[in-house]
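Containing compact mmCIF, C-alpha atoms and all ligand atoms: start.txt.
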# COMPACT_ATOMS: atom_id res chain seq x y z
CA MET A 1283 8.59 17.70 18.50
CA PRO A 1284 6.40 14.66 17.68
CA ARG A 1285 8.31 11.62 16.48
CA ALA A 1286 7.35 8.97 13.92
CA PHE A 1287 8.82 5.64 12.87
CA ILE A 1288 8.14 4.32 9.37
CA THR A 1289 8.97 0.93 7.89
CA GLY A 1290 8.98 0.56 4.09
CA ILE A 1291 10.34 4.09 3.60
CA SER A 1292 11.79 3.38 0.15
CA GLY A 1293 8.44 2.26 -1.20
CA GLN A 1294 5.73 4.31 -2.88
CA ASP A 1295 3.68 5.07 0.26
CA GLY A 1296 6.72 5.43 2.53
CA SER A 1297 8.09 8.27 0.41
CA TYR A 1298 4.79 10.22 0.43
CA LEU A 1299 4.32 9.62 4.15
CA ALA A 1300 7.86 10.77 4.98
CA GLU A 1301 7.42 13.95 2.93
CA ARG A 1302 4.17 14.72 4.71
CA LEU A 1303 5.46 14.11 8.23
CA ILE A 1304 8.63 16.14 7.60
CA ASP A 1305 6.41 19.01 6.32
CA GLU A 1306 4.39 18.77 9.52
CA GLY A 1307 7.55 19.22 11.59
CA TYR A 1308 7.88 15.60 12.76
CA ASP A 1309 11.17 14.00 13.73
CA VAL A 1310 10.98 11.08 11.28
CA HIS A 1311 12.92 7.85 11.78
CA ALA A 1312 12.69 5.02 9.30
CA LEU A 1313 13.78 1.46 8.80
CA SER A 1314 15.30 0.95 5.38
CA LEU A 1315 16.10 -2.40 3.83
CA SER A 1316 17.65 -1.01 0.65
CA SER A 1317 21.11 0.41 0.56
CA GLU A 1318 19.88 3.18 -1.76
CA PRO A 1319 18.15 5.94 0.25
CA SER A 1320 14.94 7.20 -1.35
CA PRO A 1321 15.46 10.55 -3.13
CA HIS A 1322 12.13 11.71 -1.65
CA CYS A 1323 13.14 11.59 1.99
CA PRO A 1324 15.64 14.31 2.95
CA GLY A 1325 15.49 15.00 6.67
CA VAL A 1326 14.59 11.43 7.61
CA VAL A 1327 16.86 9.58 10.05
CA LEU A 1328 17.46 6.26 8.30
CA HIS A 1329 18.20 3.07 10.22
CA ARG A 1330 19.36 0.27 7.96
CA GLY A 1331 17.72 -3.01 8.84
CA ASP A 1332 15.37 -5.82 8.09
CA LEU A 1333 11.90 -5.89 9.66
CA THR A 1334 12.29 -9.63 10.26
CA ASP A 1335 15.20 -8.85 12.63
CA VAL A 1336 12.71 -8.41 15.45
CA ASP A 1337 15.28 -7.94 18.26
CA ARG A 1338 17.10 -5.15 16.44
CA VAL A 1339 13.87 -3.37 15.52
CA ARG A 1340 12.65 -3.70 19.11
CA SER A 1341 15.71 -2.09 20.66
CA LEU A 1342 15.57 0.63 17.99
CA LEU A 1343 11.95 1.43 18.86
CA VAL A 1344 12.54 1.54 22.60
CA GLN A 1345 15.49 3.86 21.96
CA ILE A 1346 13.57 6.18 19.56
CA GLY A 1347 10.31 6.26 21.54
CA PRO A 1348 8.02 7.25 18.64
CA ASP A 1349 4.53 8.72 19.01
CA GLU A 1350 3.37 7.20 15.71
CA ILE A 1351 4.47 3.98 13.98
CA TYR A 1352 3.50 3.17 10.37
CA ASN A 1353 4.22 -0.38 9.25
CA LEU A 1354 4.40 -0.13 5.45
CA ALA A 1355 7.18 -2.66 4.86
CA ALA A 1356 6.01 -5.70 2.95
CA ILE A 1357 6.50 -8.04 0.07
CA SER A 1358 3.83 -5.95 -1.62
CA SER A 1359 3.43 -7.75 -4.92
CA VAL A 1360 0.95 -10.63 -5.06
CA ALA A 1361 2.94 -12.13 -7.95
CA ARG A 1362 6.11 -12.20 -5.81
CA SER A 1363 4.17 -13.70 -2.91
CA TRP A 1364 3.44 -16.74 -5.10
CA GLN A 1365 7.16 -17.06 -5.86
CA GLU A 1366 8.25 -16.59 -2.23
CA PRO A 1367 5.35 -17.58 0.02
CA ASP A 1368 7.51 -18.34 3.07
CA LEU A 1369 9.36 -15.00 2.90
CA THR A 1370 5.98 -13.27 2.45
CA ALA A 1371 4.66 -14.97 5.59
CA ARG A 1372 7.73 -13.86 7.56
CA VAL A 1373 7.75 -10.22 6.40
CA ASN A 1374 4.02 -9.47 5.98
CA GLY A 1375 2.82 -11.65 8.85
CA LEU A 1376 5.31 -12.55 11.60
CA ALA A 1377 7.46 -9.40 11.40
CA ALA A 1378 4.36 -7.21 11.61
CA VAL A 1379 3.42 -9.00 14.82
CA GLY A 1380 6.98 -8.51 16.11
CA LEU A 1381 6.56 -4.79 15.44
CA LEU A 1382 3.21 -4.67 17.27
CA GLU A 1383 4.82 -6.30 20.32
CA SER A 1384 7.76 -3.85 20.08
CA ALA A 1385 5.34 -0.92 19.92
CA LEU A 1386 3.59 -2.12 23.06
CA GLN A 1387 6.93 -2.62 24.84
CA ALA A 1388 8.10 0.86 23.74
CA GLN A 1389 4.84 2.32 25.10
CA GLU A 1390 5.27 0.53 28.42
CA THR A 1391 9.00 1.34 28.73
CA THR A 1392 8.83 5.02 27.81
CA GLY A 1393 5.38 5.74 29.28
CA ARG A 1394 4.50 7.59 26.01
CA ALA A 1395 1.36 6.51 24.14
CA VAL A 1396 2.13 4.94 20.78
CA ARG A 1397 -0.21 5.07 17.78
CA PHE A 1398 0.32 2.17 15.37
CA VAL A 1399 -0.94 1.83 11.79
CA GLN A 1400 -0.67 -1.46 9.93
CA ALA A 1401 -0.87 -1.12 6.13
CA SER A 1402 -3.30 -3.95 5.43
CA SER A 1403 -4.83 -4.81 2.09
CA ALA A 1404 -8.11 -5.56 0.35
CA GLU A 1405 -6.47 -8.88 -0.58
CA ILE A 1406 -7.44 -10.11 2.93
CA PHE A 1407 -10.99 -10.37 1.54
CA GLY A 1408 -9.75 -12.56 -1.31
CA GLU A 1409 -12.76 -13.80 -3.21
CA PRO A 1410 -15.49 -11.97 -1.24
CA ALA A 1411 -19.10 -13.13 -1.29
CA THR A 1412 -20.30 -9.51 -1.41
CA SER A 1413 -19.18 -6.31 -3.07
CA PRO A 1414 -18.39 -3.63 -2.00
CA GLN A 1415 -16.53 -4.75 1.12
CA ASP A 1416 -16.46 -3.01 4.49
CA GLU A 1417 -14.84 -3.64 7.88
CA GLU A 1418 -17.34 -6.47 8.62
CA THR A 1419 -16.66 -8.46 5.43
CA PRO A 1420 -15.29 -11.94 6.30
CA LEU A 1421 -11.61 -12.59 5.54
CA ARG A 1422 -11.11 -15.12 2.72
CA PRO A 1423 -7.61 -14.59 1.29
CA VAL A 1424 -6.78 -16.53 -1.88
CA ASN A 1425 -3.05 -15.87 -2.22
CA PRO A 1426 0.03 -15.92 0.09
CA TYR A 1427 0.12 -12.11 0.21
CA GLY A 1428 -3.50 -11.85 1.38
CA ALA A 1429 -3.12 -14.68 3.91
CA ALA A 1430 -0.04 -13.10 5.53
CA LYS A 1431 -1.73 -9.68 5.60
CA ALA A 1432 -4.84 -11.29 7.15
CA TYR A 1433 -2.74 -12.67 10.03
CA ALA A 1434 -1.19 -9.23 10.68
CA HIS A 1435 -4.66 -7.64 10.43
CA LEU A 1436 -6.10 -9.99 13.06
CA MET A 1437 -3.11 -9.47 15.36
CA THR A 1438 -3.54 -5.68 15.08
CA GLY A 1439 -6.98 -6.19 16.65
CA VAL A 1440 -5.43 -8.38 19.36
CA TYR A 1441 -2.92 -5.64 20.29
CA ARG A 1442 -5.71 -3.05 20.31
CA GLY A 1443 -7.26 -5.24 23.01
CA ARG A 1444 -3.98 -4.97 24.96
CA GLY A 1445 -4.14 -1.18 25.12
CA LEU A 1446 -2.25 -0.13 21.99
CA HIS A 1447 -3.86 2.46 19.66
CA ALA A 1448 -3.53 -0.03 16.80
CA VAL A 1449 -5.26 0.48 13.45
CA SER A 1450 -5.42 -1.78 10.44
CA ALA A 1451 -5.94 0.34 7.33
CA ILE A 1452 -7.45 -2.01 4.76
CA LEU A 1453 -6.05 -0.34 1.66
CA TYR A 1454 -7.39 -0.90 -1.84
CA ASN A 1455 -5.02 -0.45 -4.79
CA HIS A 1456 -3.45 2.97 -4.97
CA GLU A 1457 -1.14 4.30 -7.62
CA SER A 1458 1.20 7.15 -8.50
CA PRO A 1459 4.24 7.73 -10.70
CA ARG A 1460 6.25 6.28 -7.79
CA ARG A 1461 4.64 2.85 -8.20
CA PRO A 1462 7.46 0.35 -8.90
CA ALA A 1463 7.76 -0.75 -12.55
CA GLN A 1464 6.80 -4.40 -11.96
CA PHE A 1465 3.20 -3.53 -11.00
CA VAL A 1466 0.61 -3.88 -13.76
CA THR A 1467 -0.46 -0.23 -13.63
CA ARG A 1468 3.08 1.13 -14.12
CA LYS A 1469 3.67 -1.53 -16.76
CA ILE A 1470 0.66 -0.14 -18.63
CA THR A 1471 1.54 3.55 -18.24
CA ALA A 1472 5.22 2.95 -19.11
CA GLY A 1473 4.05 0.88 -22.11
CA ALA A 1474 1.65 3.63 -23.25
CA ALA A 1475 4.46 6.19 -23.02
CA ALA A 1476 6.84 3.95 -24.99
CA ILE A 1477 4.19 3.38 -27.70
CA ALA A 1478 3.49 7.11 -27.89
CA ARG A 1479 7.22 7.79 -28.34
CA GLY A 1480 7.47 5.10 -31.05
CA GLU A 1481 9.76 2.96 -28.90
CA ALA A 1482 7.38 -0.02 -28.54
CA ASP A 1483 4.28 -1.38 -30.21
CA THR A 1484 2.62 -3.66 -27.65
CA ILE A 1485 2.02 -4.14 -23.94
CA THR A 1486 1.87 -7.77 -22.78
CA LEU A 1487 -0.61 -8.41 -19.96
CA GLY A 1488 -2.42 -11.21 -18.11
CA ASN A 1489 -6.08 -11.04 -17.06
CA LEU A 1490 -7.69 -7.96 -18.64
CA ASP A 1491 -10.96 -8.61 -16.78
CA ALA A 1492 -9.48 -8.42 -13.25
CA ARG A 1493 -11.26 -5.56 -11.46
CA ARG A 1494 -9.69 -3.31 -8.85
CA ASP A 1495 -10.62 -0.15 -6.99
CA TRP A 1496 -7.77 2.23 -7.91
CA GLY A 1497 -7.01 5.45 -6.02
CA TRP A 1498 -4.28 8.08 -5.64
CA ALA A 1499 -1.46 6.99 -3.25
CA PRO A 1500 -1.10 10.25 -1.24
CA ASP A 1501 -4.83 10.02 -0.40
CA TYR A 1502 -4.23 6.61 1.22
CA VAL A 1503 -1.28 7.99 3.19
CA ASP A 1504 -3.65 10.74 4.36
CA ALA A 1505 -6.14 8.09 5.56
CA MET A 1506 -3.41 6.32 7.55
CA VAL A 1507 -2.32 9.57 9.23
CA ARG A 1508 -5.92 10.46 10.09
CA ALA A 1509 -6.49 6.97 11.54
CA ALA A 1510 -3.30 7.20 13.64
CA ARG A 1511 -4.45 10.50 15.14
CA ALA A 1512 -8.16 9.70 15.57
CA GLU A 1513 -9.51 9.74 19.10
CA SER A 1514 -10.03 5.99 19.23
CA ALA A 1515 -8.53 3.13 17.23
CA THR A 1516 -10.45 0.86 14.89
CA ASP A 1517 -9.94 -0.68 11.45
CA TYR A 1518 -10.83 1.20 8.27
CA VAL A 1519 -11.52 0.18 4.69
CA VAL A 1520 -9.87 2.77 2.42
CA GLY A 1521 -10.79 2.94 -1.27
CA THR A 1522 -12.73 4.97 -3.80
CA GLY A 1523 -15.76 2.67 -4.08
CA VAL A 1524 -15.47 2.44 -7.88
CA GLY A 1525 -14.17 -0.75 -9.47
CA ARG A 1526 -12.44 -0.68 -12.88
CA SER A 1527 -10.96 -3.44 -14.99
CA VAL A 1528 -7.39 -3.74 -16.24
CA ARG A 1529 -9.01 -3.24 -19.67
CA ASP A 1530 -10.34 0.18 -18.47
CA PHE A 1531 -6.85 1.08 -17.24
CA VAL A 1532 -5.26 0.24 -20.59
CA ALA A 1533 -7.96 2.16 -22.49
CA ALA A 1534 -7.43 5.23 -20.27
CA ALA A 1535 -3.62 5.10 -20.59
CA LEU A 1536 -3.56 4.69 -24.36
CA GLY A 1537 -6.45 7.16 -24.68
CA HIS A 1538 -4.32 9.70 -22.81
CA VAL A 1539 -1.69 9.55 -25.58
CA GLY A 1540 -4.37 9.80 -28.27
CA ILE A 1541 -4.70 6.10 -29.18
CA GLY A 1542 -8.35 5.03 -29.42
CA ASP A 1543 -7.93 1.53 -30.93
CA TRP A 1544 -5.96 0.31 -27.91
CA GLU A 1545 -6.73 -3.41 -28.55
CA ARG A 1546 -4.19 -3.34 -31.40
CA HIS A 1547 -1.44 -2.62 -28.87
CA VAL A 1548 -2.24 -5.26 -26.25
CA ARG A 1549 -1.14 -8.89 -26.24
CA VAL A 1550 -2.59 -11.28 -23.66
CA ASP A 1551 -0.12 -13.86 -22.34
CA PRO A 1552 -1.79 -16.62 -20.27
CA THR A 1553 1.47 -17.19 -18.34
CA PHE A 1554 0.90 -13.76 -16.74
CA VAL A 1555 -2.46 -14.86 -15.30
CA ARG A 1556 -2.15 -15.54 -11.55
CA PRO A 1557 -3.07 -18.93 -10.01
CA ALA A 1558 -5.91 -17.21 -8.08
CA ASP A 1559 -6.90 -13.62 -8.65
CA PRO A 1560 -9.72 -11.90 -6.77
CA SER A 1561 -12.25 -10.89 -9.41
CA ASP A 1562 -13.96 -7.90 -7.79
CA LEU A 1563 -12.50 -5.91 -4.90
CA THR A 1564 -14.34 -2.63 -4.34
CA ALA A 1565 -14.31 -0.58 -1.13
CA ASP A 1566 -17.14 0.71 1.00
CA ALA A 1567 -15.20 3.42 2.86
CA THR A 1568 -18.23 4.86 4.70
CA LEU A 1569 -16.57 4.49 8.12
CA ALA A 1570 -13.39 6.32 7.02
CA ARG A 1571 -15.55 9.08 5.48
CA GLU A 1572 -17.72 9.50 8.55
CA ARG A 1573 -15.17 9.09 11.34
CA LEU A 1574 -11.99 10.41 9.72
CA GLY A 1575 -13.47 12.91 7.27
CA TRP A 1576 -11.43 11.10 4.60
CA ARG A 1577 -12.23 11.14 0.90
CA PRO A 1578 -10.37 10.43 -2.34
CA THR A 1579 -9.33 13.61 -4.15
CA VAL A 1580 -8.10 12.46 -7.59
CA SER A 1581 -10.23 10.82 -10.31
CA PHE A 1582 -9.29 7.57 -12.06
CA GLU A 1583 -8.62 9.33 -15.40
CA GLU A 1584 -6.44 11.94 -13.67
CA ILE A 1585 -4.38 9.26 -11.86
CA VAL A 1586 -3.75 7.38 -15.12
CA GLY A 1587 -2.94 10.66 -16.91
CA ARG A 1588 -0.43 11.74 -14.24
CA MET A 1589 1.31 8.36 -14.41
CA VAL A 1590 1.52 8.39 -18.22
CA GLU A 1591 2.85 11.97 -18.17
CA ALA A 1592 5.55 10.98 -15.67
CA ASP A 1593 6.54 8.02 -17.85
CA LEU A 1594 6.62 10.23 -20.98
CA THR A 1595 8.94 12.62 -19.14
CA ALA A 1596 11.14 9.74 -17.97
CA ILE A 1597 11.64 8.61 -21.58
P1 LIG B 1601 6.23 -0.88 -1.95
O1 LIG B 1601 6.44 0.31 -2.82
O2 LIG B 1601 6.46 -2.23 -2.51
O3 LIG B 1601 7.16 -0.70 -0.65
C1 LIG B 1601 7.31 -1.74 0.28
C2 LIG B 1601 8.53 -1.44 1.11
O4 LIG B 1601 8.77 -2.52 2.03
C3 LIG B 1601 9.83 -1.28 0.32
O5 LIG B 1601 10.37 -0.03 0.70
C4 LIG B 1601 10.73 -2.40 0.80
O6 LIG B 1601 12.07 -2.01 0.94
C5 LIG B 1601 10.16 -2.66 2.18
N1 LIG B 1601 10.51 -4.00 2.67
C6 LIG B 1601 10.24 -5.19 2.08
N2 LIG B 1601 10.72 -6.18 2.84
C7 LIG B 1601 11.29 -5.62 3.94
C8 LIG B 1601 11.97 -6.12 5.07
N3 LIG B 1601 12.15 -7.43 5.25
N4 LIG B 1601 12.44 -5.24 5.99
C9 LIG B 1601 12.28 -3.90 5.82
N5 LIG B 1601 11.64 -3.36 4.76
C10 LIG B 1601 11.17 -4.21 3.83
O7 LIG B 1601 4.77 -0.84 -1.31
P2 LIG B 1601 3.71 0.37 -1.25
O8 LIG B 1601 2.93 0.36 -2.51
O9 LIG B 1601 4.38 1.59 -0.79
O10 LIG B 1601 2.74 -0.16 -0.13
C11 LIG B 1601 2.94 0.15 1.25
C12 LIG B 1601 2.21 -0.87 2.10
O11 LIG B 1601 0.82 -0.83 1.79
C13 LIG B 1601 2.66 -2.31 1.88
O12 LIG B 1601 2.61 -2.97 3.11
C14 LIG B 1601 1.61 -2.88 0.97
O13 LIG B 1601 1.47 -4.27 1.09
C15 LIG B 1601 0.37 -2.13 1.43
N6 LIG B 1601 -0.64 -1.99 0.39
C16 LIG B 1601 -0.32 -1.32 -0.75
C17 LIG B 1601 -1.29 -1.21 -1.74
C18 LIG B 1601 -1.00 -0.46 -3.01
O14 LIG B 1601 -1.86 -0.48 -3.90
N7 LIG B 1601 0.11 0.22 -3.13
C19 LIG B 1601 -2.57 -1.77 -1.55
C20 LIG B 1601 -2.83 -2.42 -0.38
C21 LIG B 1601 -1.87 -2.52 0.60
P3 LIG B 1601 13.08 -2.03 -0.30
O15 LIG B 1601 12.56 -1.01 -1.27
O16 LIG B 1601 14.34 -1.62 0.35
O17 LIG B 1601 13.07 -3.44 -0.81

Represent the structure from my file as structure tokens, please.
Ligand code: NAP
Amino acid sequence: MPRAFITGISGQDGSYLAERLIDEGYDVHALSLSSEPSPHCPGVVLHRGDLTDVDRVRSLLVQIGPDEIYNLAAISSVARSWQEPDLTARVNGLAAVGLLESALQAQETTGRAVRFVQASSAEIFGEPATSPQDEETPLRPVNPYGAAKAYAHLMTGVYRGRGLHAVSAILYNHESPRRPAQFVTRKITAGAAAIARGEADTITLGNLDARRDWGWAPDYVDAMVRAARAESATDYVVGTGVGRSVRDFVAAALGHVGIGDWERHVRVDPTFVRPADPSDLTADATLARERLGWRPTVSFEEIVGRMVEADLTAI
């Protein structure tokens, strides 16, 4: 039975990935920081622990001997990375490198080939000179999150050079009803649901002009699995190729509940605007399409609609 090890299991992507691997008959082990197990992961062997505890994670990996490792654990919010830049560097940067070294040691100790996927981010491109971005776009991070992810991305390439099947999946924003509430997209869909139910009147947001390339989270999990199992390892940009603004997201969410004059329900608070916010991150995922046969399966309007519906049900 193939065996996988996932970090970040309680997060959005970790839950979808665990469900998929369990369905495929994998023996799934996961590192979990939270004391609350995710309700989406029955059948997963949970190991409580912190990714920054490199020694513990290393002995765990050597003991488990996984065929596939997915490093999804991170301080994943850019806003939080501004509040805790040193923690972000430790978790998103140094601990990822510790895990790469552990994967190599597990491979050498057990003699079983290990396939490693690092969940990287479009934020490594920061304020890019060109759009869309591909695997050759220079790294120019503009926030602590992007800088820490850039370090882990570069080290993934270094470990590939040492004989590990190591892939950096450069993920653009991806959403689902499992997106934690503090992210702007969930804030918008939860706000739209509350307005529709008459429980709120406004959604308070920062920069409405920020543009992102938004996709459906399970599609991005699919890209990571395909990259892990591809014949050879390389880095992949993963995104839809279509950029939308926060304004578009709000219009789609409020439109979904039948509100056309959405401006009436939005308040802009300058304190929510980030110190530096990439203005246009859009993916050129040609390589993932051609080599992995990957493509996004859910439209922007459908993603927003599914999230609003889930928030309406939750109310
Ligand atoms: P998420 O929902 O925030 O999940 C991140 C997970 O990391 C959480 O389960 C968290 O555990 C865990 N974690 C944080 N610090 C840890 C530590 N020190 N030790 C062990 N676990 C720790 O993130 P996501 O949306 O699923 O994203 C998955 C990965 O893709 C992340 O690396 C993220 O940076 C990257 N990514 C995501 C997007 C996106 O749009 N979603 C875009 C680009 C890249 P607790 O829940 O227990 O705190």

Query raised in the report: Quick one, how far is atom CA of A:Ser1581 from atom CA of A:Ser1358?
Result: 23.5 Å

**Report entry** Protein and nucleic residues near ligand LIG 1601 (chain B), 7 Å, only C-alpha atoms and all ligand atoms, as a VMD selection string
**Finding:** chain A and resid 1289 to 1296 1313 to 1316 1331 to 1334 1353 to 1359 1373 1401 to 1404 1452 to 1457 1461 to 1462 1499

Query raised in the report: For A:Glu1366, which residue among A:Gly1587, A:Gly1488, A:Gly1542, A:Pro1426 is the nearest when counting only C-alpha atoms?
Result: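 Closest candidate: A:Pro1426.
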
Query raised in the report: Quick one: of A:Arg1372, A:His1311, A:Gly1428, A:Arg1493, who's nearest to A:Val1528, counting all atoms listed in the file?
Result: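 Closest to A:Val1528, using all atoms listed in the file: A:Arg1493.
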
Requested in this report: Name all residues at most 10 Å from A:Arg1362 (count all atoms listed in the file; drop same-chain ones fewer than 5 positions away) and give them as a ChimeraX atom specification.
Outcome: /A:1357,1367,1369-1370,1426-1427,1464

**Report entry** Residue nearest A:Asp1495 among A:Leu1376, A:Val1519, A:Ala1448, A:Ala1361 (counting all atoms listed in the file)
**Finding:**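 Distance minimum relative to A:Asp1495 lands on A:Val1519.
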
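Our summary of the geometry notes that atom CA of A:Arg1571 is positioned 18.0 Å from atom CA of A:Ser1413.
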
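Atom CA of A:Ala1312 is found 22.3 Å from atom CA of A:Ala1512.
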